[in-house]
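Colleague: Below you'll find query.tsv; it's TSV, C-alpha atoms.
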chain	number	residue	atom	x	y	z
T	3	THR	CA	0.95	87.51	-43.38
T	4	GLY	CA	-0.56	87.63	-39.92
T	5	GLY	CA	-4.12	87.51	-41.25
T	6	GLU	CA	-3.34	84.51	-43.43
T	7	TRP	CA	-1.94	82.48	-40.53
T	8	ASP	CA	-4.76	83.60	-38.28
T	9	ALA	CA	-7.17	81.91	-40.67
T	10	LYS	CA	-5.00	78.81	-41.17
T	11	LEU	CA	-4.32	77.92	-37.56
T	12	THR	CA	-6.85	76.41	-35.19
T	13	LYS	CA	-7.31	77.89	-31.72
T	14	LEU	CA	-5.23	75.07	-30.22
T	15	GLU	CA	-2.40	75.62	-32.72
T	16	LYS	CA	-2.45	79.33	-31.89
T	17	MET	CA	-1.99	78.46	-28.20
T	18	ILE	CA	1.01	76.27	-29.06
T	19	PHE	CA	2.48	79.12	-31.13
T	20	ILE	CA	1.99	81.59	-28.25
T	21	ARG	CA	3.53	79.07	-25.84
T	22	CYS	CA	6.71	79.05	-27.95
T	23	LEU	CA	7.05	82.80	-28.43
T	24	ARG	CA	5.27	84.43	-25.46
T	25	PRO	CA	4.77	81.97	-22.58
T	26	ASP	CA	3.79	84.90	-20.36
T	27	LYS	CA	0.65	85.35	-22.50
T	28	LEU	CA	-0.37	81.70	-22.42
T	29	MET	CA	-2.88	82.11	-19.58
T	30	GLU	CA	-4.85	84.74	-21.52
T	31	ALA	CA	-4.77	82.50	-24.60
T	32	VAL	CA	-6.10	79.54	-22.59
T	33	GLN	CA	-8.90	81.71	-21.20
T	34	ASP	CA	-9.87	82.84	-24.72
T	35	PHE	CA	-9.84	79.19	-25.82
T	36	VAL	CA	-12.12	78.13	-22.97
T	37	ILE	CA	-14.52	81.04	-23.63
T	38	ALA	CA	-14.73	80.17	-27.34
T	39	GLU	CA	-15.17	76.42	-26.82
T	40	MET	CA	-17.14	76.18	-23.55
T	41	GLY	CA	-18.42	79.61	-22.55
T	42	ARG	CA	-17.43	82.51	-20.28
T	43	GLU	CA	-19.07	80.93	-17.22
T	44	PHE	CA	-16.24	78.38	-17.08
T	45	ILE	CA	-13.58	81.02	-16.33
T	46	GLU	CA	-15.56	83.36	-14.08
T	47	PRO	CA	-16.15	82.14	-10.51
T	48	PRO	CA	-19.84	81.91	-9.56
T	49	PRO	CA	-21.13	84.32	-6.91
T	50	PHE	CA	-20.64	83.19	-3.34
T	51	ASP	CA	-23.95	81.57	-2.38
T	52	LEU	CA	-24.35	80.80	1.33
T	53	ALA	CA	-28.02	79.91	0.96
T	54	THR	CA	-27.26	76.83	-1.15
T	55	SER	CA	-24.66	75.57	1.32
T	56	TYR	CA	-27.03	76.21	4.22
T	57	LYS	CA	-29.69	74.00	2.62
T	58	ASP	CA	-27.18	71.11	2.58
T	59	SER	CA	-26.43	71.50	6.30
T	60	ALA	CA	-28.11	70.22	9.45
T	61	PRO	CA	-27.80	71.02	13.18
T	62	SER	CA	-25.25	68.21	13.57
T	63	VAL	CA	-23.38	69.00	10.31
T	64	PRO	CA	-20.83	71.86	10.64
T	65	LEU	CA	-20.31	74.35	7.84
T	66	VAL	CA	-16.59	74.87	7.16
T	67	PHE	CA	-15.12	77.89	5.38
T	68	VAL	CA	-11.71	77.04	3.92
T	69	LEU	CA	-10.00	80.44	3.95
T	70	SER	CA	-7.97	81.73	1.02
T	71	PRO	CA	-5.76	84.85	0.90
T	72	GLY	CA	-7.73	88.02	0.28
T	73	ALA	CA	-11.13	86.54	1.12
T	74	ASP	CA	-13.02	86.93	4.37
T	75	PRO	CA	-16.49	85.32	4.66
T	76	PHE	CA	-17.40	87.08	7.92
T	77	GLU	CA	-19.33	89.98	6.38
T	78	GLU	CA	-21.16	87.64	4.01
T	79	LEU	CA	-22.18	85.46	6.95
T	80	LEU	CA	-23.44	88.48	8.90
T	81	LYS	CA	-25.61	89.51	5.94
T	82	PHE	CA	-26.91	85.97	5.53
T	83	ALA	CA	-27.69	85.74	9.25
T	84	ASP	CA	-29.76	88.94	8.99
T	85	THR	CA	-31.56	87.49	5.98
T	86	MET	CA	-32.40	84.35	7.97
T	87	ARG	CA	-33.44	86.47	10.99
T	88	MET	CA	-30.53	85.08	12.99
T	89	GLY	CA	-28.48	88.27	13.12
T	90	LYS	CA	-29.08	88.76	16.85
T	91	ARG	CA	-28.66	85.04	17.54
T	92	LEU	CA	-25.21	84.66	16.00
T	93	GLN	CA	-22.36	84.20	18.47
T	94	PHE	CA	-18.80	84.39	17.18
T	95	ILE	CA	-15.30	84.17	18.57
T	96	SER	CA	-11.82	84.18	17.07
T	97	LEU	CA	-9.92	81.17	18.36
T	98	GLY	CA	-6.53	81.50	19.96
T	99	GLN	CA	-4.82	80.97	23.28
T	100	GLY	CA	-7.33	80.55	26.10
T	101	GLN	CA	-10.46	80.77	23.92
T	102	GLY	CA	-11.24	77.02	24.00
T	103	PRO	CA	-13.45	76.94	27.15
T	104	LYS	CA	-15.44	79.98	26.02
T	105	SER	CA	-15.99	78.38	22.60
T	106	GLU	CA	-17.19	75.17	24.23
T	107	ARG	CA	-19.71	77.12	26.34
T	108	MET	CA	-20.98	78.92	23.25
T	109	MET	CA	-21.49	75.59	21.46
T	110	LYS	CA	-23.42	74.09	24.39
T	111	ASP	CA	-25.59	77.21	24.61
T	112	GLY	CA	-26.26	77.05	20.86
T	113	ILE	CA	-27.21	73.36	21.00
T	114	GLU	CA	-29.75	74.09	23.74
T	115	ASN	CA	-31.14	77.43	22.57
T	116	GLY	CA	-30.78	77.18	18.78
T	117	THR	CA	-28.28	79.96	18.15
T	118	TRP	CA	-25.63	80.04	15.42
T	119	VAL	CA	-22.00	79.72	16.55
T	120	LEU	CA	-19.07	80.91	14.45
T	121	LEU	CA	-15.57	79.77	15.45
T	122	GLN	CA	-13.06	81.78	13.44
T	123	ASN	CA	-9.46	80.88	12.60
T	124	CYS	CA	-9.48	77.28	13.81
T	125	HIS	CA	-5.94	76.88	12.43
T	126	LEU	CA	-4.70	79.11	15.28
T	127	ALA	CA	-5.97	76.73	17.98
T	128	LYS	CA	-4.00	73.57	17.23
T	129	SER	CA	-4.17	72.20	20.79
T	130	TRP	CA	-7.97	72.65	20.96
T	131	MET	CA	-8.76	70.84	17.68
T	132	PRO	CA	-9.07	67.36	19.33
T	133	THR	CA	-11.60	68.84	21.76
T	134	LEU	CA	-13.56	70.36	18.87
T	135	GLU	CA	-13.57	67.00	17.10
T	136	ARG	CA	-14.86	65.28	20.25
T	137	LEU	CA	-17.62	67.86	20.74
T	138	VAL	CA	-18.82	67.52	17.14
T	139	GLU	CA	-18.74	63.72	17.22
T	140	ASN	CA	-20.75	63.70	20.47
T	141	PHE	CA	-23.51	66.09	19.43
T	142	PRO	CA	-26.64	65.00	21.37
T	143	GLU	CA	-29.68	63.63	19.57
T	144	ALA	CA	-31.91	66.22	21.25
T	145	ILE	CA	-30.34	69.16	19.43
T	146	ASN	CA	-32.22	72.38	18.67
T	147	PRO	CA	-33.09	72.36	14.93
T	148	SER	CA	-32.07	76.03	14.55
T	149	PHE	CA	-28.51	75.41	15.75
T	150	ARG	CA	-25.68	75.70	13.23
T	151	LEU	CA	-21.92	75.49	13.79
T	152	TRP	CA	-19.85	77.60	11.38
T	153	LEU	CA	-16.07	77.18	11.26
T	154	THR	CA	-13.36	79.10	9.41
T	155	SER	CA	-9.84	77.78	8.94
T	156	SER	CA	-6.89	78.11	6.63
T	157	PRO	CA	-5.70	74.80	5.14
T	158	SER	CA	-4.05	73.01	8.04
T	159	PRO	CA	-2.77	69.45	8.61
T	160	TYR	CA	-4.16	69.33	12.15
T	161	PHE	CA	-7.74	70.39	11.35
T	162	PRO	CA	-9.99	67.42	12.27
T	163	VAL	CA	-10.40	65.15	9.25
T	164	SER	CA	-13.75	63.81	10.47
T	165	ILE	CA	-15.23	67.33	10.48
T	166	LEU	CA	-13.96	67.94	6.95
T	167	GLN	CA	-15.41	64.64	5.75
T	168	ASN	CA	-18.83	65.13	7.32
T	169	GLY	CA	-19.19	68.91	7.11
T	170	VAL	CA	-20.32	71.22	4.32
T	171	LYS	CA	-17.15	72.72	2.86
T	172	MET	CA	-17.02	76.15	1.23
T	173	THR	CA	-14.33	78.42	-0.12
T	174	ASN	CA	-14.60	82.00	-1.30
T	175	GLU	CA	-11.59	82.72	-3.46
T	176	PRO	CA	-11.18	86.32	-4.61
T	177	PRO	CA	-11.89	86.72	-8.32
T	178	LYS	CA	-9.00	87.12	-10.75
T	179	GLY	CA	-8.77	90.29	-12.80
T	180	LEU	CA	-9.76	93.92	-12.14
T	181	ARG	CA	-13.10	93.60	-13.92
T	182	ALA	CA	-14.20	90.50	-12.01
T	183	ASN	CA	-13.01	91.97	-8.71
T	184	LEU	CA	-14.84	95.26	-9.25
T	185	LYS	CA	-17.98	93.40	-10.27
T	186	ARG	CA	-18.00	91.25	-7.13
T	187	SER	CA	-17.30	94.20	-4.81
T	188	LEU	CA	-20.08	96.37	-6.26
T	189	LEU	CA	-22.62	93.54	-6.48
T	190	SER	CA	-22.05	92.66	-2.81
T	191	TYR	CA	-24.10	95.75	-1.86
T	192	PRO	CA	-27.89	96.04	-2.31
T	193	PRO	CA	-29.11	98.28	-5.18
T	194	ASP	CA	-30.31	101.04	-2.84
T	195	PHE	CA	-27.01	101.24	-0.93
T	196	LEU	CA	-25.51	103.93	-3.18
T	197	GLU	CA	-28.47	106.20	-2.45
T	198	ARG	CA	-28.10	106.07	1.34
T	199	SER	CA	-25.58	108.90	1.45
T	200	LYS	CA	-26.69	112.49	1.80
T	201	LYS	CA	-24.30	113.25	-1.06
T	202	PRO	CA	-24.95	110.39	-3.51
T	203	VAL	CA	-22.94	111.77	-6.46
T	204	PRO	CA	-19.55	112.12	-4.70
T	205	PHE	CA	-20.29	108.96	-2.68
T	206	LYS	CA	-20.71	106.89	-5.85
T	207	LYS	CA	-17.42	108.20	-7.25
T	208	LEU	CA	-15.50	107.55	-4.03
T	209	MET	CA	-17.16	104.13	-3.66
T	210	PHE	CA	-15.95	103.18	-7.14
T	211	ALA	CA	-12.46	104.45	-6.29
T	212	LEU	CA	-12.39	102.31	-3.13
T	213	CYS	CA	-13.53	99.19	-4.98
T	214	PHE	CA	-10.98	99.85	-7.72
T	215	PHE	CA	-8.21	100.25	-5.12
T	216	HIS	CA	-9.33	97.02	-3.46
T	217	ALA	CA	-9.24	95.17	-6.80
T	218	LEU	CA	-5.78	96.57	-7.55
T	219	ILE	CA	-4.40	95.42	-4.19
T	220	GLN	CA	-5.91	91.98	-4.71
T	221	GLU	CA	-4.13	91.68	-8.05
T	222	ARG	CA	-0.83	92.78	-6.49
T	223	ARG	CA	-0.82	89.95	-3.95
T	224	LYS	CA	1.39	87.87	-6.23
T	225	PHE	CA	4.16	90.45	-5.80
T	226	GLY	CA	4.19	90.11	-2.01
T	227	ALA	CA	5.47	93.19	-0.15
T	228	LEU	CA	7.02	94.73	-3.28
T	229	GLY	CA	6.15	98.44	-3.26
T	230	TRP	CA	4.76	98.28	0.30
T	231	ASN	CA	6.25	98.32	3.78
T	232	ILE	CA	4.72	94.92	4.52
T	233	SER	CA	2.71	92.33	2.64
T	234	TYR	CA	-0.94	93.17	3.42
T	235	GLU	CA	-4.02	91.47	2.00
T	236	PHE	CA	-6.57	94.32	2.19
T	237	ASN	CA	-9.34	91.72	2.16
T	238	THR	CA	-13.13	92.04	1.95
T	239	GLY	CA	-13.42	92.98	5.62
T	240	ASP	CA	-11.09	95.95	5.11
T	241	LEU	CA	-13.12	97.11	2.11
T	242	GLN	CA	-16.38	96.88	4.07
T	243	PHE	CA	-14.89	98.91	6.92
T	244	CYS	CA	-13.60	101.60	4.52
T	245	VAL	CA	-17.01	101.88	2.86
T	246	ARG	CA	-18.72	102.30	6.25
T	247	GLN	CA	-16.22	105.01	7.19
T	248	LEU	CA	-16.82	106.76	3.87
T	249	LEU	CA	-20.58	106.66	4.41
T	250	ALA	CA	-20.19	108.05	7.94
T	251	PHE	CA	-17.80	110.92	7.16
T	252	LEU	CA	-19.06	112.13	3.77
Once more with this new file: its structure as structure tokens, please.

Modeller:
Amino acid sequence: TGGEWDAKLTKLEKMIFIRCLRPDKLMEAVQDFVIAEMGREFIEPPPFDLATSYKDSAPSVPLVFVLSPGADPFEELLKFADTMRMGKRLQFISLGQGQGPKSERMMKDGIENGTWVLLQNCHLAKSWMPTLERLVENFPEAINPSFRLWLTSSPSPYFPVSILQNGVKMTNEPPKGLRANLKRSLLSYPPDFLERSKKPVPFKKLMFALCFFHALIQERRKFGALGWNISYEFNTGDLQFCVRQLLAFL
């Protein structure tokens, strides 16, 4: 009987059995095995902690966000900058054609005046990457201690290796599963945020619906554009914008 074999087989033998009959269920079986043997914390990604990475940095050590589909660190960085009282001293620019000289001026201004500089989407500025590498390698000794250089880039073969080797590297992968996704989305807001609306009861319901929709879209990424006109990430930035619109119009 099923109960008899459930008692006879070890957890590893059960995984082998599932692998033979239902390979599509193997991932869930492996997760259950890891939870039972090692603990749930080994399958759930830890919360994104910018403060810890910041402590490992220095004015001459860039902080590099390695982008992954469905994750956008921009909003998290804005919140962290406000926490560090650098919200009004954060300069940012999205790299692309013709943005190199402006980015270089922002870096020089930051080195002198101690502002934070965020250069987004470095993978879109292939021709400017050697210049970025040269600027970072030639940071002056007399550098303002408040200065920090933040970079975001998708994995790219032409991103400067020296910056990757010497910088503080971070990645913020979206959590897997509806429960984990909902948990991260809701915990990204302060406890009093849900009470800011003049209509807190409907706002809480609509907020949950938005976060649930966001989690659902994140889980559908593996299907590409199936069921949609185009393949669209609906990342964290989109969710934040929708929540702000909801708060404004409700």

Colleague: Which residues, written as a list in words, have at least one atom at most 9 Å from Asn123 (chain T), with all atoms listed in the file counted and residues fewer than 3 positions away on the same chain left out?

Modeller: Leu69, Ile95, Ser96, Leu97, Gly98, Leu126, Ala127, Leu153, Thr154, Ser155 and Ser156 of chain T

Colleague: Excluding Val66 (chain T) and any residue of its chain fewer than 2 positions from it, enumerate the residues within 8 Å of it, using only C-alpha atoms, and give them as a ChimeraX atom specification.

Modeller: /T:64,68,152-155,166,169-172

Colleague: Work out how far apart CA of Pro61 (chain T) and CA of His125 (chain T) are and give it in Å to one decimal.

Modeller: 22.6 Å

Colleague: Please, what distance in Å, to one decimal, runs between CA of Ser105 (chain T) and CA of Thr238 (chain T)?

Modeller: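 Interatomic distance here is 24.9 Å.
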
Colleague: What does the distance between CA of Lys128 (chain T) and CA of Phe161 (chain T) come to in Å, to one decimal place?

Modeller: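 Taking CA of Lys128 (chain T) as the start and CA of Phe161 (chain T) as the end point, the length is 7.7 Å.
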
Colleague: For a quick check of understanding, using all atoms listed in the file, which of T:Arg246, T:Lys178, T:Arg150, T:Lys206 has the smallest distance to Leu65 (chain T)?

Modeller: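 Nearest to Leu65 (chain T): T:Arg150.
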
Colleague: Counting all atoms listed in the file, which of T:Ser199, T:Gln247, T:Gln242, T:Ser158 gets nearest to Ser70 (chain T)?

Modeller: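 Selected residue with least distance to Ser70 (chain T): T:Ser158.
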
Colleague: Kindly indicate which residue among T:Leu137, T:Ala31, T:Met40, T:Leu151 lies nearest to Phe67 (chain T), using only C-alpha atoms for the distances.

Modeller: T:Leu151

Colleague: With only C-alpha atoms as the basis for distance, which of T:Arg186, T:Lys13, T:Lys201, T:Arg24 is at the shortest distance from Val36 (chain T)?

Modeller: T:Lys13
